[in-house]
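Engineer: Data file query13.cif (mmCIF, C-alpha atoms) is appended below.
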```cif
data_protein
#
loop_
_atom_site.label_atom_id
_atom_site.label_comp_id
_atom_site.auth_asym_id
_atom_site.auth_seq_id
_atom_site.Cartn_x
_atom_site.Cartn_y
_atom_site.Cartn_z
CA MET S 1 0.00 0.00 0.00
CA LYS S 2 1.41 3.33 -1.07
CA GLU S 3 0.39 6.44 0.84
CA PRO S 4 -1.33 9.10 -1.29
CA GLU S 5 1.24 11.59 -2.45
CA ASN S 6 -0.65 14.31 -4.19
CA ILE S 7 -3.94 16.14 -3.82
CA VAL S 8 -5.73 14.04 -6.44
CA GLU S 9 -4.86 10.79 -4.65
CA MET S 10 -5.81 12.22 -1.26
CA LYS S 11 -9.17 13.33 -2.58
CA GLN S 12 -9.75 9.85 -4.01
CA VAL S 13 -9.15 8.29 -0.60
CA LEU S 14 -11.51 10.74 1.08
CA GLU S 15 -14.19 10.38 -1.55
CA ALA S 16 -14.15 6.58 -1.48
CA ALA S 17 -14.35 6.56 2.33
CA LEU S 18 -17.26 9.01 2.36
CA LEU S 19 -19.16 7.14 -0.33
CA THR S 20 -18.85 3.76 1.38
CA ALA S 21 -19.35 4.93 4.97
CA GLY S 22 -23.16 5.12 4.93
CA GLN S 23 -23.00 7.54 7.85
CA PRO S 24 -21.37 10.92 8.42
CA LEU S 25 -17.58 10.90 8.85
CA SER S 26 -16.03 13.36 11.29
CA LEU S 27 -12.69 15.05 10.67
CA ASP S 28 -11.21 12.67 13.26
CA ASP S 29 -12.56 9.71 11.29
CA MET S 30 -11.02 11.07 8.12
CA LEU S 31 -7.65 11.77 9.77
CA LYS S 32 -7.48 8.02 10.42
CA LEU S 33 -7.51 7.43 6.66
CA PHE S 34 -4.10 9.06 6.42
CA ALA S 35 -2.58 7.39 9.48
CA GLY S 36 -1.63 10.67 11.13
CA ARG S 37 0.06 12.22 8.11
CA MET S 38 -2.59 14.83 7.58
CA GLU S 39 -3.94 18.00 9.12
CA ARG S 40 -7.50 19.07 9.74
CA ALA S 41 -7.15 22.25 7.71
CA THR S 42 -5.94 20.26 4.71
CA ILE S 43 -8.85 17.84 4.97
CA ARG S 44 -11.28 20.76 5.11
CA MET S 45 -9.70 22.22 1.99
CA LEU S 46 -9.85 18.86 0.17
CA LEU S 47 -13.50 18.43 1.19
CA ASP S 48 -14.29 21.86 -0.24
CA GLU S 49 -12.75 20.81 -3.53
CA ILE S 50 -14.64 17.50 -3.58
CA LYS S 51 -17.85 19.39 -2.86
CA GLN S 52 -17.26 21.63 -5.87
CA GLU S 53 -16.38 18.71 -8.11
CA TRP S 54 -19.73 17.06 -7.36
CA GLU S 55 -21.75 20.11 -8.26
CA GLY S 56 -24.01 19.31 -11.19
CA LYS S 57 -23.77 15.57 -10.48
CA THR S 58 -26.05 13.24 -8.53
CA LEU S 59 -24.80 13.69 -4.98
CA ASP S 60 -24.16 16.57 -2.59
CA LEU S 61 -21.39 16.53 -0.01
CA ALA S 62 -23.26 17.84 3.04
CA GLN S 63 -22.01 18.79 6.49
CA VAL S 64 -24.23 17.73 9.42
CA ALA S 65 -23.77 17.51 13.20
CA THR S 66 -21.49 14.47 13.30
CA GLY S 67 -19.54 15.13 10.13
CA TYR S 68 -19.66 14.99 6.36
CA ARG S 69 -21.74 12.69 4.17
CA PHE S 70 -22.78 12.25 0.57
CA GLN S 71 -26.50 12.44 -0.03
CA ALA S 72 -28.68 12.39 -3.12
CA LYS S 73 -29.54 15.82 -4.46
CA PRO S 74 -32.93 16.89 -3.08
CA GLU S 75 -34.53 17.00 -6.55
CA LEU S 76 -33.74 13.29 -7.01
CA SER S 77 -35.20 12.17 -3.71
CA ALA S 78 -38.78 12.07 -4.99
CA PHE S 79 -37.75 9.43 -7.55
CA ILE S 80 -35.76 7.35 -5.10
CA ALA S 81 -38.72 7.41 -2.72
CA ARG S 82 -40.81 5.56 -5.33
CA MET S 83 -38.77 2.42 -4.72
CA ASN S 84 -40.15 2.24 -1.17
CA PRO S 85 -43.81 3.10 -1.58
CA GLU S 86 -44.68 2.43 2.06
CA ARG S 87 -43.73 5.68 3.68
CA GLN S 88 -42.54 5.86 7.25
CA PRO S 89 -45.52 6.21 9.59
CA LYS S 90 -45.91 9.74 10.87
CA TYR S 91 -45.28 10.50 14.51
CA SER S 92 -48.28 11.55 16.60
CA ARG S 93 -48.70 15.14 17.68
CA ALA S 94 -47.80 14.08 21.22
CA VAL S 95 -44.45 12.75 19.99
CA MET S 96 -43.67 15.83 17.90
CA GLU S 97 -44.66 18.27 20.66
CA THR S 98 -42.51 16.38 23.16
CA LEU S 99 -39.61 16.44 20.69
CA ALA S 100 -40.06 20.18 20.12
CA ILE S 101 -40.01 20.85 23.88
CA ILE S 102 -36.82 18.79 24.30
CA ALA S 103 -35.19 20.47 21.29
CA TYR S 104 -35.96 24.04 22.41
CA ARG S 105 -35.90 23.71 26.20
CA GLN S 106 -33.23 21.06 26.84
CA PRO S 107 -32.15 19.70 29.21
CA VAL S 108 -35.68 18.98 30.48
CA THR S 109 -37.36 16.42 32.72
CA ARG S 110 -40.66 14.67 32.07
CA GLY S 111 -42.16 17.03 34.61
CA ASP S 112 -41.06 20.05 32.55
CA ILE S 113 -42.65 18.51 29.46
CA GLU S 114 -45.87 17.80 31.33
CA LYS S 115 -46.01 21.36 32.60
CA ILE S 116 -45.76 22.81 29.12
CA ARG S 117 -48.20 20.38 27.47
CA GLY S 118 -50.65 20.18 30.38
CA VAL S 119 -50.95 16.39 30.13
CA SER S 120 -48.97 13.52 31.57
CA VAL S 121 -46.24 12.11 29.33
CA ASN S 122 -47.04 8.72 27.90
CA PRO S 123 -43.97 6.45 28.41
CA ASN S 124 -44.52 5.23 24.87
CA VAL S 125 -43.77 8.70 23.52
CA MET S 126 -40.38 8.84 25.25
CA ARG S 127 -39.60 5.28 24.17
CA GLN S 128 -40.24 6.11 20.51
CA LEU S 129 -37.88 9.08 20.65
CA LEU S 130 -35.22 7.15 22.60
CA GLU S 131 -35.38 4.21 20.18
CA ARG S 132 -35.01 6.54 17.22
CA ASP S 133 -31.88 7.85 18.99
CA TRP S 134 -33.20 11.40 18.69
CA ILE S 135 -33.08 12.03 22.45
CA ASP S 136 -31.03 10.66 25.35
CA VAL S 137 -30.63 11.06 29.09
CA VAL S 138 -27.85 13.50 29.99
CA GLY S 139 -28.25 13.53 33.77
CA GLN S 140 -30.66 13.77 36.68
CA ARG S 141 -32.10 16.84 38.34
CA GLU S 142 -31.35 16.99 42.06
CA VAL S 143 -34.95 17.13 43.24
CA PRO S 144 -36.98 14.40 44.95
CA GLY S 145 -37.28 11.43 42.63
CA ARG S 146 -34.13 12.48 40.74
CA PRO S 147 -35.90 12.74 37.39
CA SER S 148 -33.89 12.13 34.22
CA LEU S 149 -32.88 15.12 32.10
CA TYR S 150 -33.45 14.66 28.38
CA ALA S 151 -31.63 16.33 25.49
CA THR S 152 -31.59 15.90 21.73
CA THR S 153 -28.73 13.89 20.20
CA LYS S 154 -26.38 14.62 17.31
CA HIS S 155 -28.16 11.84 15.46
CA PHE S 156 -31.32 13.95 15.61
CA LEU S 157 -29.46 16.85 13.99
CA ASP S 158 -28.01 14.49 11.35
CA ASP S 159 -31.47 13.18 10.48
CA LEU S 160 -32.78 16.70 10.05
CA ASN S 161 -29.75 17.70 7.98
CA LEU S 162 -28.59 20.23 10.56
CA ARG S 163 -25.12 21.03 11.88
CA SER S 164 -26.29 22.55 15.15
CA LEU S 165 -29.43 23.32 17.13
CA ALA S 166 -28.81 26.95 16.28
CA GLU S 167 -29.90 26.13 12.72
CA LEU S 168 -33.45 25.45 13.91
CA PRO S 169 -35.72 28.47 13.51
CA PRO S 170 -35.56 30.57 16.71
CA PHE S 171 -38.33 29.76 19.19
CA GLU S 172 -39.50 33.40 19.20
CA ASP S 173 -40.60 32.92 15.58
CA PHE S 174 -43.42 30.68 16.76
CA ALA S 175 -44.95 33.14 19.22
CA GLN S 176 -48.48 34.13 18.26
CA SER S 177 -50.48 37.22 19.07
CA GLU S 178 -50.91 38.06 22.74
CA ILE S 179 -54.04 36.62 24.36
CA PRO S 180 -55.95 39.69 25.63
CA LEU S 181 -56.87 39.64 29.28
CA ASP S 182 -59.65 42.19 28.98
CA SER S 183 -62.18 41.19 26.40
CA MET X 1 -52.54 30.62 10.97
CA LEU X 2 -53.74 27.90 13.29
CA SER X 3 -55.52 25.22 11.39
CA ILE X 4 -55.64 23.08 14.48
CA ILE X 5 -58.76 21.06 14.01
CA SER X 6 -60.85 21.90 11.04
CA GLU X 7 -61.18 18.15 10.57
CA ILE X 8 -63.03 17.32 13.80
CA LYS X 9 -65.91 15.01 13.11
CA ILE X 10 -68.50 13.65 15.53
CA ASN X 11 -70.51 10.70 14.29
CA GLY X 12 -69.25 11.40 10.78
CA GLU X 13 -70.51 14.97 10.77
CA ALA X 14 -68.12 17.84 10.73
CA LEU X 15 -68.17 19.83 13.92
CA THR X 16 -69.92 23.08 13.11
CA GLU X 17 -71.05 24.26 16.50
CA LEU X 18 -68.35 24.96 18.99
CA PRO X 19 -68.78 23.88 22.58
CA GLN X 20 -69.84 26.82 24.70
CA ASP X 21 -67.67 25.82 27.63
CA LEU X 22 -65.13 23.21 28.52
CA TYR X 23 -67.75 20.53 28.92
CA ILE X 24 -67.48 17.76 26.37
CA PRO X 25 -70.45 15.48 25.75
CA PRO X 26 -69.44 11.95 26.77
CA ASP X 27 -70.44 10.56 23.36
CA ALA X 28 -67.96 12.87 21.69
CA LEU X 29 -65.35 12.17 24.30
CA GLU X 30 -63.16 9.78 22.34
CA VAL X 31 -63.25 12.02 19.28
CA TYR X 32 -62.16 14.93 21.42
CA LEU X 33 -59.40 13.02 23.09
CA GLU X 34 -57.95 12.24 19.70
CA SER X 35 -58.36 15.77 18.40
CA PHE X 36 -56.89 17.61 21.35
CA GLU X 37 -53.67 16.98 23.16
CA GLY X 38 -55.21 17.73 26.55
CA PRO X 39 -56.95 20.53 28.42
CA LEU X 40 -54.41 23.25 27.49
CA ASP X 41 -54.88 22.43 23.84
CA LEU X 42 -58.67 22.49 24.17
CA LEU X 43 -58.62 25.73 26.14
CA LEU X 44 -56.29 27.36 23.63
CA TYR X 45 -58.59 26.32 20.81
CA LEU X 46 -61.67 27.71 22.54
CA ILE X 47 -59.94 31.01 23.30
CA ARG X 48 -58.47 31.48 19.82
CA LYS X 49 -61.43 30.29 17.76
CA ASN X 50 -64.36 31.18 19.93
CA ASN X 51 -63.09 34.29 21.68
CA LEU X 52 -63.93 32.54 24.88
CA ASP X 53 -63.40 34.71 27.90
CA ILE X 54 -61.58 32.64 30.48
CA LEU X 55 -63.60 34.41 33.15
CA ASP X 56 -67.05 33.92 31.73
CA ILE X 57 -67.02 30.18 32.18
CA PRO X 58 -69.76 29.22 34.65
CA MET X 59 -67.54 27.54 37.19
CA ALA X 60 -70.14 25.84 39.38
CA GLU X 61 -71.83 24.24 36.40
CA LEU X 62 -68.51 23.25 34.96
CA THR X 63 -67.47 21.55 38.18
CA VAL X 64 -70.63 19.46 38.25
CA GLN X 65 -70.10 18.53 34.62
CA TYR X 66 -66.51 17.59 35.25
CA MET X 67 -67.41 15.35 38.16
CA VAL X 68 -69.91 13.43 36.02
CA TYR X 69 -67.28 13.33 33.39
CA VAL X 70 -64.58 11.92 35.64
CA GLU X 71 -66.95 9.15 36.74
CA LYS X 72 -67.47 8.19 33.09
CA MET X 73 -63.78 8.41 32.32
CA LYS X 74 -62.71 6.11 35.11
CA ALA X 75 -63.34 3.21 32.78
CA ILE X 76 -61.50 4.82 29.87
CA LYS X 77 -58.53 6.91 30.78
CA LEU X 78 -58.14 8.03 34.33
CA GLU X 79 -54.90 10.00 33.93
CA LEU X 80 -56.49 12.10 31.23
CA ALA X 81 -59.49 12.84 33.43
CA ALA X 82 -57.01 13.98 36.06
CA ASP X 83 -55.38 16.42 33.63
CA TYR X 84 -58.75 17.97 32.75
CA LEU X 85 -59.75 18.08 36.38
CA LEU X 86 -56.54 19.88 37.29
CA MET X 87 -57.25 22.45 34.61
CA SER X 88 -60.77 23.12 35.86
CA ALA X 89 -59.42 23.43 39.40
CA MET X 90 -56.97 26.02 38.13
CA LEU X 91 -59.73 27.96 36.34
CA ILE X 92 -61.83 27.93 39.48
CA GLU X 93 -58.90 29.21 41.51
CA ILE X 94 -58.38 32.04 39.03
CA LYS X 95 -62.04 32.96 39.13
CA SER X 96 -62.12 32.93 42.94
CA ARG X 97 -59.10 35.20 43.11
CA MET X 98 -60.65 37.57 40.59
CA LEU X 99 -63.89 37.75 42.59
CA LEU X 100 -62.22 38.48 45.90
CA PRO X 101 -61.74 42.17 46.68
CA LYS X 102 -58.11 43.21 46.59
CA PRO X 103 -56.71 44.27 49.96
CA VAL X 104 -55.86 47.97 49.86
CA GLU X 105 -52.22 47.46 50.80
CA VAL X 106 -51.66 44.95 47.98
CA GLU X 107 -51.89 47.28 45.04
CA GLU X 108 -49.82 45.56 42.43
CA GLU X 109 -50.90 41.97 42.67
CA ASP X 110 -50.24 40.00 39.52
CA ASP X 111 -53.28 39.24 37.44
CA PRO X 112 -54.14 35.63 38.37
CA ARG X 113 -54.79 34.92 34.70
CA ALA X 114 -51.30 35.97 33.61
CA GLU X 115 -49.67 32.63 34.44
CA LEU X 116 -52.34 30.69 32.53
CA VAL X 117 -51.99 33.00 29.53
CA ARG X 118 -48.22 32.57 29.66
CA ARG X 119 -48.61 28.77 29.67
CA LEU X 120 -51.17 28.85 26.87
CA MET X 121 -48.90 30.98 24.70
CA GLU X 122 -45.85 28.84 25.39
CA TYR X 123 -47.83 25.74 24.49
CA GLU X 124 -49.09 27.42 21.33
CA ALA X 125 -45.54 28.19 20.25
CA ILE X 126 -44.45 24.62 21.02
CA LYS X 127 -47.29 23.32 18.86
CA LEU X 128 -46.05 25.38 15.93
CA ALA X 129 -42.45 24.38 16.58
CA ALA X 130 -43.56 20.72 16.57
CA LYS X 131 -45.40 21.20 13.29
CA ASN X 132 -42.32 22.82 11.83
CA LEU X 133 -40.08 19.94 13.00
CA ASP X 134 -42.53 17.48 11.51
CA GLU X 135 -42.41 19.22 8.16
CA MET X 136 -38.62 19.47 8.00
CA PRO X 137 -37.05 17.12 5.47
CA LYS X 138 -35.55 14.05 7.12
CA VAL X 139 -33.04 11.38 6.26
CA GLY X 140 -34.72 8.33 4.81
CA GLU X 141 -37.70 10.39 3.65
CA GLU X 142 -36.66 13.55 1.83
CA PHE X 143 -32.93 12.78 2.07
CA GLN X 144 -31.14 9.68 0.88
CA VAL X 145 -27.65 9.09 2.19
CA ALA X 146 -25.11 7.55 -0.18
CA HIS X 147 -23.90 4.13 0.84
CA ALA X 148 -21.83 2.48 -1.86
CA TYR X 149 -21.08 -1.20 -1.31
CA TYR X 150 -17.70 -2.02 0.15
CA GLN X 151 -16.49 -5.42 1.28
CA HIS X 152 -14.44 -4.84 4.39
CA VAL X 153 -11.37 -7.07 4.38
CA ALA X 154 -8.96 -7.74 7.22
CA ASP X 155 -6.61 -4.80 7.53
CA ILE X 156 -2.93 -5.29 6.88
CA LYS X 157 -1.13 -4.12 9.98
CA PRO X 158 0.92 -1.03 9.26
CA PRO X 159 4.54 -0.94 10.44
CA GLU X 160 4.96 -0.10 14.10
CA VAL X 161 5.68 3.49 15.00
CA SER X 162 7.40 4.26 18.26
CA VAL X 163 5.50 6.40 20.74
CA ASP X 164 8.32 8.94 20.84
CA GLU X 165 8.16 9.46 17.10
CA LEU X 166 4.43 9.98 17.25
CA VAL X 167 4.65 12.39 20.17
CA GLU X 168 7.34 14.36 18.36
CA ALA X 169 5.27 14.48 15.17
CA TRP X 170 2.17 15.50 17.07
CA ARG X 171 4.11 18.29 18.84
CA ASN X 172 5.22 19.60 15.48
CA VAL X 173 1.70 19.50 14.15
CA MET X 174 0.46 21.37 17.22
CA LYS X 175 3.25 23.89 16.85
CA ARG X 176 2.37 24.47 13.22
CA ALA X 177 -1.33 24.54 13.99
CA LYS X 178 -0.70 27.35 16.44
CA LEU X 179 1.37 29.30 13.89
CA ASN X 180 -1.29 28.87 11.27
CA SER X 181 -4.29 29.74 13.39
CA HIS X 182 -6.62 32.04 11.50
CA HIS X 183 -8.66 34.82 12.93
CA GLN X 184 -11.91 34.84 11.12
CA LEU X 185 -14.94 36.81 12.03
CA GLY X 186 -18.34 35.52 11.12
CA ARG X 187 -21.75 34.91 12.47
CA ALA X 188 -21.25 32.21 15.08
CA GLU X 189 -23.88 29.53 15.00
CA LEU X 190 -23.73 28.30 18.54
CA SER X 191 -26.32 27.19 20.93
CA VAL X 192 -25.89 27.53 24.67
CA ARG X 193 -28.53 24.82 25.23
CA GLU X 194 -26.61 22.43 22.99
CA HIS X 195 -23.41 23.07 24.94
CA MET X 196 -25.28 22.55 28.21
CA SER X 197 -26.30 19.11 27.02
CA SER X 198 -22.80 18.21 25.88
CA VAL X 199 -21.19 19.35 29.16
CA LEU X 200 -23.75 17.30 31.11
CA ARG X 201 -23.12 14.33 28.85
CA ARG X 202 -19.38 14.66 29.47
CA LEU X 203 -19.84 14.86 33.25
CA GLN X 204 -22.12 11.84 33.08
CA THR X 205 -19.34 9.70 31.57
CA ASP X 206 -16.25 11.22 33.22
CA GLY X 207 -17.68 11.96 36.69
CA MET X 208 -15.68 14.82 38.15
CA CYS X 209 -13.99 17.08 35.62
CA GLU X 210 -11.47 19.88 35.88
CA PHE X 211 -12.97 23.16 34.78
CA SER X 212 -10.19 23.69 32.23
CA GLN X 213 -10.75 20.25 30.69
CA LEU X 214 -14.19 21.33 29.60
CA PHE X 215 -12.66 23.77 27.16
CA ASP X 216 -11.18 22.41 23.97
CA LEU X 217 -8.88 25.12 22.70
CA GLU X 218 -8.35 23.38 19.37
CA ILE X 219 -11.93 23.36 18.17
CA GLY X 220 -14.11 26.31 17.39
CA GLY X 221 -12.05 29.15 18.80
CA LEU X 222 -13.10 31.96 21.10
CA PRO X 223 -16.87 32.06 20.39
CA THR X 224 -17.18 28.36 21.24
CA LEU X 225 -15.26 28.87 24.49
CA VAL X 226 -17.52 31.76 25.48
CA VAL X 227 -20.70 29.83 24.67
CA ASN X 228 -19.33 26.84 26.57
CA PHE X 229 -18.65 29.08 29.56
CA LEU X 230 -22.17 30.51 29.37
CA ALA X 231 -23.51 26.95 29.22
CA ILE X 232 -21.62 26.06 32.42
CA LEU X 233 -22.96 29.18 34.18
CA GLU X 234 -26.49 28.31 33.04
CA LEU X 235 -26.09 24.73 34.29
CA ALA X 236 -24.89 26.04 37.65
CA LYS X 237 -27.83 28.44 37.78
CA GLU X 238 -30.26 25.61 37.12
CA GLY X 239 -28.56 23.57 39.83
CA LEU X 240 -27.53 20.83 37.42
CA VAL X 241 -23.80 21.01 38.15
CA LYS X 242 -21.75 21.56 41.28
CA ILE X 243 -18.67 23.77 41.00
CA THR X 244 -16.07 23.40 43.72
CA GLN X 245 -12.69 24.93 44.51
CA GLN X 246 -10.61 24.06 47.57
CA ALA X 247 -8.71 27.31 47.86
CA ALA X 248 -8.30 30.52 45.94
CA PHE X 249 -6.49 30.00 42.59
CA SER X 250 -6.55 26.23 42.96
CA THR X 251 -8.12 23.95 40.40
CA ILE X 252 -11.85 24.31 39.91
CA TYR X 253 -13.80 21.09 39.65
CA LEU X 254 -17.18 20.41 38.09
CA GLN X 255 -19.52 17.60 38.93
CA ALA X 256 -23.02 16.71 37.85
CA SER X 257 -25.39 17.44 40.75
CA ASN X 258 -26.63 13.87 40.72
CA ALA X 259 -23.12 12.33 41.08
CA GLU X 260 -22.34 10.90 44.50
#
```
Can you dump the structure from the file as structure tokens?
Structural biologist:
Amino acid sequence: MKEPENIVEMKQVLEAALLTAGQPLSLDDMLKLFAGRMERATIRMLLDEIKQEWEGKTLDLAQVATGYRFQAKPELSAFIARMNPERQPKYSRAVMETLAIIAYRQPVTRGDIEKIRGVSVNPNVMRQLLERDWIDVVGQREVPGRPSLYATTKHFLDDLNLRSLAELPPFEDFAQSEIPLDS
Amino acid sequence: MLSIISEIKINGEALTELPQDLYIPPDALEVYLESFEGPLDLLLYLIRKNNLDILDIPMAELTVQYMVYVEKMKAIKLELAADYLLMSAMLIEIKSRMLLPKPVEVEEEDDPRAELVRRLMEYEAIKLAAKNLDEMPKVGEEFQVAHAYYQHVADIKPPEVSVDELVEAWRNVMKRAKLNSHHQLGRAELSVREHMSSVLRRLQTDGMCEFSQLFDLEIGGLPTLVVNFLAILELAKEGLVKITQQAAFSTIYLQASNAE
């Protein structure tokens, strides 16, 4: 095995690794490809070049929370979706509202979620989000019962094609008109 | 803006007449339970769509209705009955406080309805945020991730490298990385809440941590450090971490509040 010597060879190594990974690769993952003989800044530069080379082709090199991945261009997705006609079942409103509370108010306990929604949290709802690996437990609050604190995971950001929570629309955007007290 | 439940149907007929109060006919109960996510949701709907005045609800009548209701619900879903009951208790409390004359010396008492309005509006925003999350394109639905086939074969072991060589090489890289550090200004996309979660996650795995270890100087630069610091302050404020220092200028330690 001969180590890549020029930019073209290095880009080939990176591209092949990204295409076969099936999940985002972090800069640390990609450094491993070059057995220590590489710097982060160089990898970033090479990734930029690869990204440009793929413009006008079938795949985009996208950056998400856990790293970089190739994904089909959005305009092709509708066609690919035809191969799997049974679409993923939609989550219930309870699941989505719980997810929204965790995303915008994390770290939160079940009690916090119940306070905002005004109903008790169905354990099934939390299980669905935990199994999807969209939320996890990051600690316990020091109050009686030591309730678990939930937060969203990087996997959640990956699945929504986001690099950071800051890329979600700000919560203030969802505020509606004031409810008048004197009617 | 809020197309919450234009699709409510009772016995196959679209709901045209809105309920005048919070009472739900038992026959329509199951339909309602599916259409609303609880009493806050129902109350919000009534206020927004029906201009319901929170104060004009006949409380005595409502209480009687709710008690009948709870009896009927025992067989179906008791926890849900409890949620609705709690809400009517809260409404009654608000009404009682509004009816009582204000003592002269207490001039600036908060409006008892303010807290309910705050909760209703927060819930309303969460509902929209949830709808927005639901509509965002997701991997496996609107996004397909490339996964070319690759048969993993047993790796050929690379020649051994001595630790000293590696350390020396790494030092050089670090040295160069320092020389080459760029100072770029841009709009930082950082979330304090996200950093709070990651600090907590770290403390969960590592137990006690030195304050300085929580800052990675290599990644992200100054804005990240500042946001990380803010996250630690916020965690301390919320009582989620304990910060200790034995003496002035000695090492500061952080620990998750739940750690023993």
Engineer: Quick one: which residues from chain X are at most 7 Å off chain S, using all atoms listed in the file, as JSON, numbers by chain?
Structural biologist: {"X": [37, 38, 39, 40, 53, 83, 117, 119, 123, 125, 126, 127, 128, 129, 130, 134, 136, 137, 138, 139, 142, 143, 144, 145, 146, 147, 148, 149, 150, 189, 190, 191, 193, 194, 197, 200, 201, 204, 240, 257, 258]}
Engineer: Apply the PyMOL selection byres ((chain X and resi 177) around 12) to the displayed file and report the matching residues as a list in words.
Structural biologist: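 What the PyMOL selection byres ((chain X and resi 177) around 12) grabs from the file is Met38, Glu39, Arg40, Ala41 and Thr42 of chain S; Trp170, Arg171, Asn172, Val173, Met174, Lys175, Arg176, Lys178, Leu179, Asn180, Ser181, His182, Leu217, Glu218 and Ile219 of chain X.
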Engineer: How far is it from CA of Met196 in chain X to CA of Asn228 in chain X, in Å with one decimal?
Structural biologist: 7.5 Å
Engineer: Please indicate the distance in Å from CA of Leu203 in chain X to CA of Thr224 in chain X, rounded to one decimal place.
Structural biologist: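 Those two atoms sit 18.3 Å apart.
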Engineer: With the file shown as input, list the residues that the PyMOL selection byres ((chain X and resi 207) around 9) selects, as an MDAnalysis selection string.
Structural biologist: chainID X and resid 202:206 208:209 254:256 259
Engineer: As a ChimeraX atom specification, please: the residues near Leu44 in chain X (cut-off 8 Å, only C-alpha atoms, same-chain neighbours under 3 positions excluded).
Structural biologist: /X:40-41,47-48,120,124
Engineer: Could you state the separation of CA of Leu133 in chain X and CA of Glu234 in chain X in Å, given to one decimal place?
Structural biologist: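 About the pair CA of Leu133 in chain X and CA of Glu234 in chain X: they are 25.6 Å apart.
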Engineer: Taking only C-alpha atoms into account, name the residue in S:Ala65, S:Leu14, S:Ile102, S:Met45 that is nearest to Leu31 in chain S.
Structural biologist: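 Among the listed residues, the smallest separation from Leu31 in chain S belongs to S:Leu14.
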Engineer: Any idea what's packed within 10 Å of range 3-5 of chain S, counting all atoms listed in the file, ignoring anything in its chain fewer than 2 positions away? Could you give it as a PyMOL selection string?
Structural biologist: chain S and resi 1+7-13+33-35+37
Engineer: Quick one: residues within 12 Å of Leu233 in chain X, only C-alpha atoms, excluding same-chain residues fewer than 4 positions away - as number ranges by chain?
Structural biologist: X: 192-193, 195-196, 199, 211, 226-229, 237-243, 254
Engineer: Please produce a file of those selected residues containing C-alpha atoms, as an mmCIF file, in the frame of the given file.
Structural biologist:
```
data_model
loop_
_atom_site.group_PDB
_atom_site.id
_atom_site.type_symbol
_atom_site.label_atom_id
_atom_site.label_comp_id
_atom_site.auth_asym_id
_atom_site.auth_seq_id
_atom_site.Cartn_x
_atom_site.Cartn_y
_atom_site.Cartn_z
ATOM 1 C CA VAL X 192 -25.890 27.530 24.670
ATOM 2 C CA ARG X 193 -28.530 24.820 25.230
ATOM 3 C CA HIS X 195 -23.410 23.070 24.940
ATOM 4 C CA MET X 196 -25.280 22.550 28.210
ATOM 5 C CA VAL X 199 -21.190 19.350 29.160
ATOM 6 C CA PHE X 211 -12.970 23.160 34.780
ATOM 7 C CA VAL X 226 -17.520 31.760 25.480
ATOM 8 C CA VAL X 227 -20.700 29.830 24.670
ATOM 9 C CA ASN X 228 -19.330 26.840 26.570
ATOM 10 C CA PHE X 229 -18.650 29.080 29.560
ATOM 11 C CA LYS X 237 -27.830 28.440 37.780
ATOM 12 C CA GLU X 238 -30.260 25.610 37.120
ATOM 13 C CA GLY X 239 -28.560 23.570 39.830
ATOM 14 C CA LEU X 240 -27.530 20.830 37.420
ATOM 15 C CA VAL X 241 -23.800 21.010 38.150
ATOM 16 C CA LYS X 242 -21.750 21.560 41.280
ATOM 17 C CA ILE X 243 -18.670 23.770 41.000
ATOM 18 C CA LEU X 254 -17.180 20.410 38.090
#
```
